[in-house]
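Chemist: Pasting a structure below so you can have a look.
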Amino acid sequence: MADTTESESRKLLVRLREAMAGDDAGQARLDKITHLIADSMGTEVCSVYLFRDEETLELCATQGLNRESVHQTRMRIGEGLVGRVAKYGKVVNTPDAPNAKGFRYMPETGEERFSSFLGVPVQRLGEMLGVLVVQSKEGREFSADAVYALEVVAMVIAEMTELGAFVGEGAALSPLHQQPVLIHGTSAQEGAAEGHVWLHEPRVIVTNPIADDPQRELERMNSAVEELRVGVDKMLEVSRNGDKDQLQVLEAYRMFANSKGWMRRMEEDIARGLSAEAAVEKEQSQARARMSQVQDAYLRERLSDLDDLSNRLLRILTGQGADTGAELPDNPILIARNIGPGDLLEYGRGLRGIVLEEGSVGSHAAIVARALAIPLVVNAKRVTTEALNGDHIMVDGDQGVVHLRPDETVVGAFRDKIAMHAQAQERYASIRSKPAVTTDGQRINMVMNAGLMADLPSLDSSGAEGVGLFRTELQFLVRNQMPKRSELVALYKRVLDAAHGKPVIFRTLDIGSDKVLPYMKPTDEPNPALGWRAIRVGLDKPGIMRMQLQALLRSAEGRPLSIMFPFVAQFEEYRAAKAEVDKTIERERILGHVLPAELEIGAMLETPSLAYAPQKFFDEVAFISIGGNDLKQFFFAADRENERVRRRYDTLNVSFLSFIERIVERCAISGTPLSFCGEDAGRPVEAVCLAAMGIRTLSMRPASIGPVKSLLLRVDLGELRKIISDARHRGDQAVRPAVMKYLREL
Ligand code: PEP
Ligand code: MG
């Protein structure tokens with residue numbers, strides 16, 4: 001076979017470019033390319049297989065195999081040698097193909113005459129587009145040099161495919177990124193949204209994969225890498241005293257930016273005729289392919305660092321990127337691999353929906369998306385590779401499904417769903433100012449959960465009677481440094497102002513567990529949900545707690561104030577926290593600050609232990625709010641963040657409802673006001689059952705108030721209670737079936 005030196009490679013790429021520049025239609029181009037490659041590599045056969053759909057590869061052009069088989073021969077991913085290259089993204093190089101493991105004879109192609117086989121993946125940034133194959137009669141293995149040369153050519157074909165160079169007359173190939181794609185992810189915030197894709201990290205388009213002047217490309221590369229290194233060093237300088245994790249990432253960036261191996265490979269690619277950006281992308285594609293195979297978490301992270309770094313380098317080289325000045329499309333739906341809460345807040349409520357390729361239900365981004373009530377789907381595999389800016393997209397946050405470039409039937413069905421949502425919203429708006437009174441005359445107090453200033457307008461629009469839980473940690477989570485006391489005073493004051501006299505319950509910081517402040521040293525705990533969090537941190541390191549208490553007291557400016565402590569597990573913790581409040585009040589008095597007209601200090605009941613606290617606790621505490629999310633996870637010993645177990649136990653399990661009933665009874669003895677503020681308060685069926693167990697205040701997301709109230713208005717709590725009791729006596733595990741039967745017959 002012909003020598004495949006650098007200059008040979010370069011010549012081939014130049015000929016390829018000429019073929020691309022010609023007037024040929026898609027198919028003719030592909031045919032010409034296979035001819036050129038076979039000729040240049042001295043092989044009898046060169047074939048291009050491209051994906052027809054996610055599972056099927058199709059022979060799209062060939063030099064040397066039977067021409068009739070073009071667009072006829074197909075194989076599933078993983079099938080035959082070609083299918084194997086596509087499945088694993090790895091080169092197959094064998095001198096004796098017919099006897100190689102996995103060989104599948106395709107009679108229509110006549111390929112059994114050829115012994116040696118070399119197949120390389122055609123991939124672009126982790127997206128497998130097809131397979132490029134050369135074959136010859138002579139039975140020998142292709143040299144490492146030949147493999148390398150073919151990989152460089154495959155890279156160019158990938159770029160050309162992406163640019164739509166092979167679409168057109170006779171090609172029977174549909175252009176990439178125009179097909180409808182359905183992606184199944186995980187729901188992290190309900191709701192349905194239709195709009196257009198906005199990529200948080202725009203896709204860099206390389207329009208010039210082939211370059212004539214390697215020397216010039218090398219210079220471009222070197223100066224871009226220099227700019228990158230300086231940038232990384234600057235970032236390191238700024239973060240020197242910051243977060244350890246971030247430093248680690250930057251150190252890894254620096255290591256790669258200075259890595260001789262990385263640079264050498266890219267220099268070799270350039271020497272073979274690739275442009276600087278195509279060389280970066282080739283390395284990036286291969287790193288992504290490795291990333292999908294690697295199991296080790298540490299290695300995966302490092303590969304993902306390398307991926308980020310390559311993106312930066314590509315942006316420097318192409319001048320494309322975050323500062324292109326492009327404007328958000330109408331009804332933007334944000335697509336990102338992952339996003340921090342700060343970035344998400346910057347986009348704010350303008351977003352219609354969010355789809356994350358990674359992310360998790362409990363991530364900070366999810367907390368913010370929930371607070372902003374923006375439908376969010378996480379774990380949406382490949383969405384950043386499939387989506388292009390401006391694409392039509394529909395996000396079903398209820399099902400955790402994303403329709404990218406949907407076809408008409410999907411659009412119709414989806415719009416019906418949105419319309420039904422809208423109709424329901426109208427119904428809810430009509431009962432907004434109506435009190436939630438059940439048919440047997442029980443009045444339920446409907447309040448809302450909040451955590452951002454942006455939530456406050458929902459007080460009016462939802463008809464909430466107050467804020468039953470203001471999660472103060474969000475303000476701490478979304479910043480890069482600890483907020484100042486004066487900032488907190490201003491914020492809490494704005495919250496109280498916006499509430500116009502409706503009651504607001506501020507919960508003191510609940511950090512630790514899943515909520516790690518970016519500027520606090522993370523502690524490595526075996527099980528953080530059961531670890532050093534919330535009031536435990538507050539009591540052990542009272543500095544932040546005192547600062548927050550001062551801010552709260554000052555923000556009231558003489559108005560009534562309610563504060564509650566999260567995660568109280570025993571009476572003593574409540575007493576100690578209350579003592580801190582008393583001390584802070586004393587200090588404020590001495591400093592001459594106005595004190596709240598009334599001050600109520602409550603506790604969240606989130607651990608089963610507190611339900612059995614001494615009666616004196618119930619006598620002393622001003623109010624109790626059941627944090628059902630935490631309480632349920634500890635009651636059933638099922639982590640709320642763990643997808644495998646988090647839905648395993650029903651809230652309507654008789655054990656849990658009996659436990660709630662017990663808490664209601666204990667509060668009734670002392671006359672302690674009781675509310676429920678976990679997610680279940682916002683689920684209509686669960687909410688009416690909680691009311692039937694005796695809960696009279698439900699605190700939920702504003703969007704849930706309408707649906708919950710609408711059901712409450714139709715139920716008889718006495719009857720419901722009897723149904724629940726009967727189910728219990730029958731020995732049912734959960735009362736759900738009996739309750740559902742009753743609700744259906746309403
Ligand atoms: C809860 O645990 O139910 C609760 C309301 O608190 P968070 O969800 O913030 O832990
Ligand atoms: Mg909680």
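By convention in this document, the chains of the structure tokens carry letters A, B, ... by their order, each chain's residues are numbered from 1, and ligands are numbered from 1 in the order they are shown.
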Quick one: residues within 9 Å of Val447 in chain A, only C-alpha atoms, excluding same-chain residues fewer than 5 positions away - as an NGL selection string?

Modeler: :A and (459 or 463-469 or 677 or 697-702 or 705)

Chemist: For Glu588 in chain A, list every protein, DNA or RNA residue within 9 Å, evaluated using only C-alpha atoms, and leave out those in the same chain fewer than 4 positions away; present the list as a ChimeraX atom specification.

Modeler: /A:550,553-554,583-584,592-595

Chemist: Please identify all polymer residues within 9 Å of Ala38 in chain A, counting only C-alpha atoms, omitting same-chain residues fewer than 4 positions from it, and present them as a VMD selection string.

Modeler: chain A and resid 33 to 34 42 to 47 63 to 64 134 to 135

Chemist: Once you have the residues from the selection above, write them out as an mmCIF file, in the first residue's frame, restricted to C-alpha atoms.

Modeler:
data_model
loop_
_atom_site.group_PDB
_atom_site.id
_atom_site.type_symbol
_atom_site.label_atom_id
_atom_site.label_comp_id
_atom_site.auth_asym_id
_atom_site.auth_seq_id
_atom_site.Cartn_x
_atom_site.Cartn_y
_atom_site.Cartn_z
ATOM 1 C CA ILE A 33 -14.266 11.220 -2.060
ATOM 2 C CA THR A 34 -14.236 7.426 -1.770
ATOM 3 C CA GLY A 42 -3.507 2.459 -2.418
ATOM 4 C CA THR A 43 -6.452 0.244 -1.466
ATOM 5 C CA GLU A 44 -8.984 -1.422 -3.746
ATOM 6 C CA VAL A 45 -11.913 -0.362 -1.594
ATOM 7 C CA CYS A 46 -13.005 2.728 0.239
ATOM 8 C CA SER A 47 -16.547 2.979 1.629
ATOM 9 C CA GLN A 63 -15.189 2.636 -4.454
ATOM 10 C CA GLY A 64 -14.521 -1.025 -5.055
ATOM 11 C CA VAL A 134 -10.683 0.910 3.416
ATOM 12 C CA GLN A 135 -10.119 -2.698 2.326
#

Chemist: According to DSSP computed on the backbone, where in range 95-147 of chain A is there alpha helix (DSSP H)? Give the residues as a count of residues only.

Modeler: 4

Chemist: Any residue with an atom at most 7 Å from ligand 1 counts, using only C-alpha atoms and all ligand atoms. Which are they? Put them as an NGL selection string.

Modeler: :A and (471 or 510 or 606 or 626-631 or 677-679)

Chemist: Kindly save the residues from that selection, with all heavy atoms included, as a PDB file, in the first residue's frame.

Modeler:
ATOM      1  N   ARG A 471     -37.193  29.853  52.299  1.00  0.00           N
ATOM      2  CA  ARG A 471     -35.897  29.158  52.424  1.00  0.00           C
ATOM      3  C   ARG A 471     -34.780  30.173  52.239  1.00  0.00           C
ATOM      4  O   ARG A 471     -34.514  30.602  51.114  1.00  0.00           O
ATOM      5  CB  ARG A 471     -35.780  28.087  51.347  1.00  0.00           C
ATOM      6  CG  ARG A 471     -36.699  26.885  51.512  1.00  0.00           C
ATOM      7  CD  ARG A 471     -36.422  25.907  50.387  1.00  0.00           C
ATOM      8  NE  ARG A 471     -36.967  24.598  50.623  1.00  0.00           N
ATOM      9  CZ  ARG A 471     -38.090  24.131  50.067  1.00  0.00           C
ATOM     10  NH1 ARG A 471     -38.791  24.893  49.250  1.00  0.00           N
ATOM     11  NH2 ARG A 471     -38.504  22.905  50.322  1.00  0.00           N
ATOM     12  N   ASP A 510     -30.486  26.482  56.004  1.00  0.00           N
ATOM     13  CA  ASP A 510     -30.426  25.017  56.001  1.00  0.00           C
ATOM     14  C   ASP A 510     -29.339  24.627  54.996  1.00  0.00           C
ATOM     15  O   ASP A 510     -29.626  24.358  53.834  1.00  0.00           O
ATOM     16  CB  ASP A 510     -31.778  24.435  55.586  1.00  0.00           C
ATOM     17  CG  ASP A 510     -31.778  22.907  55.601  1.00  0.00           C
ATOM     18  OD1 ASP A 510     -30.740  22.312  55.933  1.00  0.00           O
ATOM     19  OD2 ASP A 510     -32.818  22.314  55.260  1.00  0.00           O
ATOM     20  N   GLU A 606     -38.591  17.575  61.249  1.00  0.00           N
ATOM     21  CA  GLU A 606     -38.080  16.876  60.066  1.00  0.00           C
ATOM     22  C   GLU A 606     -37.416  15.559  60.429  1.00  0.00           C
ATOM     23  O   GLU A 606     -36.948  14.838  59.560  1.00  0.00           O
ATOM     24  CB  GLU A 606     -37.059  17.757  59.336  1.00  0.00           C
ATOM     25  CG  GLU A 606     -37.604  19.118  58.962  1.00  0.00           C
ATOM     26  CD  GLU A 606     -36.675  19.896  58.058  1.00  0.00           C
ATOM     27  OE1 GLU A 606     -36.774  19.741  56.841  1.00  0.00           O
ATOM     28  OE2 GLU A 606     -35.842  20.657  58.594  1.00  0.00           O
ATOM     29  N   ILE A 626     -44.082  20.821  59.642  1.00  0.00           N
ATOM     30  CA  ILE A 626     -43.539  19.511  59.283  1.00  0.00           C
ATOM     31  C   ILE A 626     -42.823  19.622  57.940  1.00  0.00           C
ATOM     32  O   ILE A 626     -43.429  19.982  56.930  1.00  0.00           O
ATOM     33  CB  ILE A 626     -44.660  18.447  59.172  1.00  0.00           C
ATOM     34  CG1 ILE A 626     -45.354  18.290  60.529  1.00  0.00           C
ATOM     35  CG2 ILE A 626     -44.105  17.112  58.682  1.00  0.00           C
ATOM     36  CD1 ILE A 626     -46.538  17.321  60.504  1.00  0.00           C
ATOM     37  N   GLY A 627     -41.516  19.356  57.949  1.00  0.00           N
ATOM     38  CA  GLY A 627     -40.751  19.323  56.701  1.00  0.00           C
ATOM     39  C   GLY A 627     -40.859  17.915  56.147  1.00  0.00           C
ATOM     40  O   GLY A 627     -40.019  17.059  56.404  1.00  0.00           O
ATOM     41  N   GLY A 628     -41.923  17.692  55.398  1.00  0.00           N
ATOM     42  CA  GLY A 628     -42.249  16.336  54.966  1.00  0.00           C
ATOM     43  C   GLY A 628     -41.189  15.687  54.091  1.00  0.00           C
ATOM     44  O   GLY A 628     -41.040  14.468  54.102  1.00  0.00           O
ATOM     45  N   ASN A 629     -40.436  16.508  53.330  1.00  0.00           N
ATOM     46  CA  ASN A 629     -39.425  15.916  52.442  1.00  0.00           C
ATOM     47  C   ASN A 629     -38.383  15.178  53.265  1.00  0.00           C
ATOM     48  O   ASN A 629     -38.016  14.044  52.980  1.00  0.00           O
ATOM     49  CB  ASN A 629     -38.730  16.989  51.608  1.00  0.00           C
ATOM     50  CG  ASN A 629     -39.710  17.849  50.845  1.00  0.00           C
ATOM     51  OD1 ASN A 629     -40.824  17.417  50.566  1.00  0.00           O
ATOM     52  ND2 ASN A 629     -39.315  19.071  50.524  1.00  0.00           N
ATOM     53  N   ASP A 630     -37.894  15.879  54.282  1.00  0.00           N
ATOM     54  CA  ASP A 630     -36.897  15.237  55.135  1.00  0.00           C
ATOM     55  C   ASP A 630     -37.541  14.190  56.032  1.00  0.00           C
ATOM     56  O   ASP A 630     -37.044  13.083  56.170  1.00  0.00           O
ATOM     57  CB  ASP A 630     -36.173  16.292  55.989  1.00  0.00           C
ATOM     58  CG  ASP A 630     -34.994  16.886  55.237  1.00  0.00           C
ATOM     59  OD1 ASP A 630     -34.229  16.098  54.652  1.00  0.00           O
ATOM     60  OD2 ASP A 630     -34.857  18.120  55.222  1.00  0.00           O
ATOM     61  N   LEU A 631     -38.680  14.556  56.630  1.00  0.00           N
ATOM     62  CA  LEU A 631     -39.302  13.625  57.577  1.00  0.00           C
ATOM     63  C   LEU A 631     -39.570  12.267  56.917  1.00  0.00           C
ATOM     64  O   LEU A 631     -39.297  11.214  57.485  1.00  0.00           O
ATOM     65  CB  LEU A 631     -40.621  14.207  58.108  1.00  0.00           C
ATOM     66  CG  LEU A 631     -41.265  13.366  59.214  1.00  0.00           C
ATOM     67  CD1 LEU A 631     -40.371  13.320  60.442  1.00  0.00           C
ATOM     68  CD2 LEU A 631     -42.647  13.904  59.597  1.00  0.00           C
ATOM     69  N   CYS A 677     -45.027  21.702  55.265  1.00  0.00           N
ATOM     70  CA  CYS A 677     -44.451  22.478  54.155  1.00  0.00           C
ATOM     71  C   CYS A 677     -43.598  21.659  53.194  1.00  0.00           C
ATOM     72  O   CYS A 677     -42.883  22.213  52.383  1.00  0.00           O
ATOM     73  CB  CYS A 677     -43.652  23.667  54.684  1.00  0.00           C
ATOM     74  SG  CYS A 677     -42.191  23.185  55.620  1.00  0.00           S
ATOM     75  N   GLY A 678     -43.675  20.340  53.251  1.00  0.00           N
ATOM     76  CA  GLY A 678     -42.924  19.535  52.275  1.00  0.00           C
ATOM     77  C   GLY A 678     -43.667  19.498  50.937  1.00  0.00           C
ATOM     78  O   GLY A 678     -44.793  19.998  50.814  1.00  0.00           O
ATOM     79  N   GLU A 679     -43.036  18.909  49.934  1.00  0.00           N
ATOM     80  CA  GLU A 679     -43.613  18.851  48.584  1.00  0.00           C
ATOM     81  C   GLU A 679     -45.009  18.229  48.560  1.00  0.00           C
ATOM     82  O   GLU A 679     -45.844  18.580  47.733  1.00  0.00           O
ATOM     83  CB  GLU A 679     -42.714  18.033  47.647  1.00  0.00           C
ATOM     84  CG  GLU A 679     -41.390  18.688  47.323  1.00  0.00           C
ATOM     85  CD  GLU A 679     -41.546  19.974  46.530  1.00  0.00           C
ATOM     86  OE1 GLU A 679     -42.327  19.997  45.569  1.00  0.00           O
ATOM     87  OE2 GLU A 679     -40.899  20.971  46.910  1.00  0.00           O
TER      88      GLU A 679
END

Chemist: Which residues of chain A come within 12 Å of ligand 2, and for each one, what is the closest pair of atoms and their distance in Å to one decimal, counting only C-alpha atoms and all ligand atoms, sorted by chain and residue number, as CSV?

Modeler:
residue,atom,partner,partner_atom_place_in_ligand_line,distance
A:Leu469,CA,ligand 2,1 (Mg),10.5
A:Phe470,CA,ligand 2,1 (Mg),11.9
A:Arg471,CA,ligand 2,1 (Mg),9.6
A:Glu473,CA,ligand 2,1 (Mg),11.6
A:Arg507,CA,ligand 2,1 (Mg),10.2
A:Thr508,CA,ligand 2,1 (Mg),11.4
A:Leu509,CA,ligand 2,1 (Mg),10.8
A:Asp510,CA,ligand 2,1 (Mg),7.6
A:Ile511,CA,ligand 2,1 (Mg),10.0
A:Gly512,CA,ligand 2,1 (Mg),11.0
A:Ser513,CA,ligand 2,1 (Mg),10.1
A:Asp514,CA,ligand 2,1 (Mg),10.6
A:Lys515,CA,ligand 2,1 (Mg),10.8
A:Ala529,CA,ligand 2,1 (Mg),9.6
A:Leu530,CA,ligand 2,1 (Mg),11.4
A:Arg533,CA,ligand 2,1 (Mg),10.2
A:Ala534,CA,ligand 2,1 (Mg),8.7
A:Ile535,CA,ligand 2,1 (Mg),11.1
A:Met564,CA,ligand 2,1 (Mg),11.8
A:Phe565,CA,ligand 2,1 (Mg),10.3
A:Pro566,CA,ligand 2,1 (Mg),6.7
A:Phe567,CA,ligand 2,1 (Mg),6.6
A:Val568,CA,ligand 2,1 (Mg),10.1
A:Ala569,CA,ligand 2,1 (Mg),11.9
A:Ala603,CA,ligand 2,1 (Mg),11.3
A:Met604,CA,ligand 2,1 (Mg),7.9
A:Leu605,CA,ligand 2,1 (Mg),8.7
A:Glu606,CA,ligand 2,1 (Mg),6.2
A:Thr607,CA,ligand 2,1 (Mg),9.3
A:Ser625,CA,ligand 2,1 (Mg),10.2
A:Ile626,CA,ligand 2,1 (Mg),8.7
A:Gly627,CA,ligand 2,1 (Mg),5.1
A:Gly628,CA,ligand 2,1 (Mg),7.2
A:Asn629,CA,ligand 2,1 (Mg),5.9
A:Asp630,CA,ligand 2,1 (Mg),4.7
A:Leu631,CA,ligand 2,1 (Mg),7.5
A:Lys632,CA,ligand 2,1 (Mg),9.9
A:Gln633,CA,ligand 2,1 (Mg),9.8
A:Phe634,CA,ligand 2,1 (Mg),10.7
A:Arg640,CA,ligand 2,1 (Mg),10.3
A:Phe676,CA,ligand 2,1 (Mg),11.1
A:Cys677,CA,ligand 2,1 (Mg),8.9
A:Gly678,CA,ligand 2,1 (Mg),7.5
A:Glu679,CA,ligand 2,1 (Mg),10.1

Chemist: Using the selection just defined, write its residues with C-alpha atoms as a PDB file, in the first residue's frame.

Modeler:
ATOM      1  CA  LEU A 469     -41.624  28.720  54.384  1.00  0.00           C
ATOM      2  CA  PHE A 470     -39.054  31.190  53.127  1.00  0.00           C
ATOM      3  CA  ARG A 471     -35.897  29.158  52.424  1.00  0.00           C
ATOM      4  CA  GLU A 473     -30.263  29.439  51.943  1.00  0.00           C
ATOM      5  CA  ARG A 507     -36.408  29.636  57.957  1.00  0.00           C
ATOM      6  CA  THR A 508     -32.816  30.076  59.100  1.00  0.00           C
ATOM      7  CA  LEU A 509     -30.052  28.661  56.932  1.00  0.00           C
ATOM      8  CA  ASP A 510     -30.426  25.017  56.001  1.00  0.00           C
ATOM      9  CA  ILE A 511     -27.016  24.296  54.541  1.00  0.00           C
ATOM     10  CA  GLY A 512     -25.028  21.107  54.452  1.00  0.00           C
ATOM     11  CA  SER A 513     -26.341  17.880  52.945  1.00  0.00           C
ATOM     12  CA  ASP A 514     -27.197  18.640  49.303  1.00  0.00           C
ATOM     13  CA  LYS A 515     -26.853  22.393  49.830  1.00  0.00           C
ATOM     14  CA  ALA A 529     -28.312  14.091  54.656  1.00  0.00           C
ATOM     15  CA  LEU A 530     -27.791  12.624  58.125  1.00  0.00           C
ATOM     16  CA  ARG A 533     -26.362  20.403  58.409  1.00  0.00           C
ATOM     17  CA  ALA A 534     -28.960  23.058  59.211  1.00  0.00           C
ATOM     18  CA  ILE A 535     -29.305  23.866  62.916  1.00  0.00           C
ATOM     19  CA  MET A 564     -38.138  28.908  62.321  1.00  0.00           C
ATOM     20  CA  PHE A 565     -35.178  26.601  62.766  1.00  0.00           C
ATOM     21  CA  PRO A 566     -34.715  23.690  60.389  1.00  0.00           C
ATOM     22  CA  PHE A 567     -33.925  20.117  61.274  1.00  0.00           C
ATOM     23  CA  VAL A 568     -34.448  20.294  65.030  1.00  0.00           C
ATOM     24  CA  ALA A 569     -33.993  16.743  66.332  1.00  0.00           C
ATOM     25  CA  ALA A 603     -39.236  24.636  64.713  1.00  0.00           C
ATOM     26  CA  MET A 604     -39.350  22.358  61.726  1.00  0.00           C
ATOM     27  CA  LEU A 605     -40.240  18.803  62.518  1.00  0.00           C
ATOM     28  CA  GLU A 606     -38.080  16.876  60.066  1.00  0.00           C
ATOM     29  CA  THR A 607     -36.779  14.018  62.163  1.00  0.00           C
ATOM     30  CA  SER A 625     -43.925  23.040  60.544  1.00  0.00           C
ATOM     31  CA  ILE A 626     -43.539  19.511  59.283  1.00  0.00           C
ATOM     32  CA  GLY A 627     -40.751  19.323  56.701  1.00  0.00           C
ATOM     33  CA  GLY A 628     -42.249  16.336  54.966  1.00  0.00           C
ATOM     34  CA  ASN A 629     -39.425  15.916  52.442  1.00  0.00           C
ATOM     35  CA  ASP A 630     -36.897  15.237  55.135  1.00  0.00           C
ATOM     36  CA  LEU A 631     -39.302  13.625  57.577  1.00  0.00           C
ATOM     37  CA  LYS A 632     -40.393  11.081  55.011  1.00  0.00           C
ATOM     38  CA  GLN A 633     -36.851  10.156  54.001  1.00  0.00           C
ATOM     39  CA  PHE A 634     -35.916   9.504  57.614  1.00  0.00           C
ATOM     40  CA  ARG A 640     -34.876  11.660  48.859  1.00  0.00           C
ATOM     41  CA  PHE A 676     -46.941  21.013  56.638  1.00  0.00           C
ATOM     42  CA  CYS A 677     -44.451  22.478  54.155  1.00  0.00           C
ATOM     43  CA  GLY A 678     -42.924  19.535  52.275  1.00  0.00           C
ATOM     44  CA  GLU A 679     -43.613  18.851  48.584  1.00  0.00           C
TER      45      GLU A 679
END

Chemist: My list of candidates is A:Glu251, A:Glu201, A:Glu108, A:Asp53. Which is closest to Ile335 in chain A when distances are computed with only C-alpha atoms?

Modeler: A:Glu201
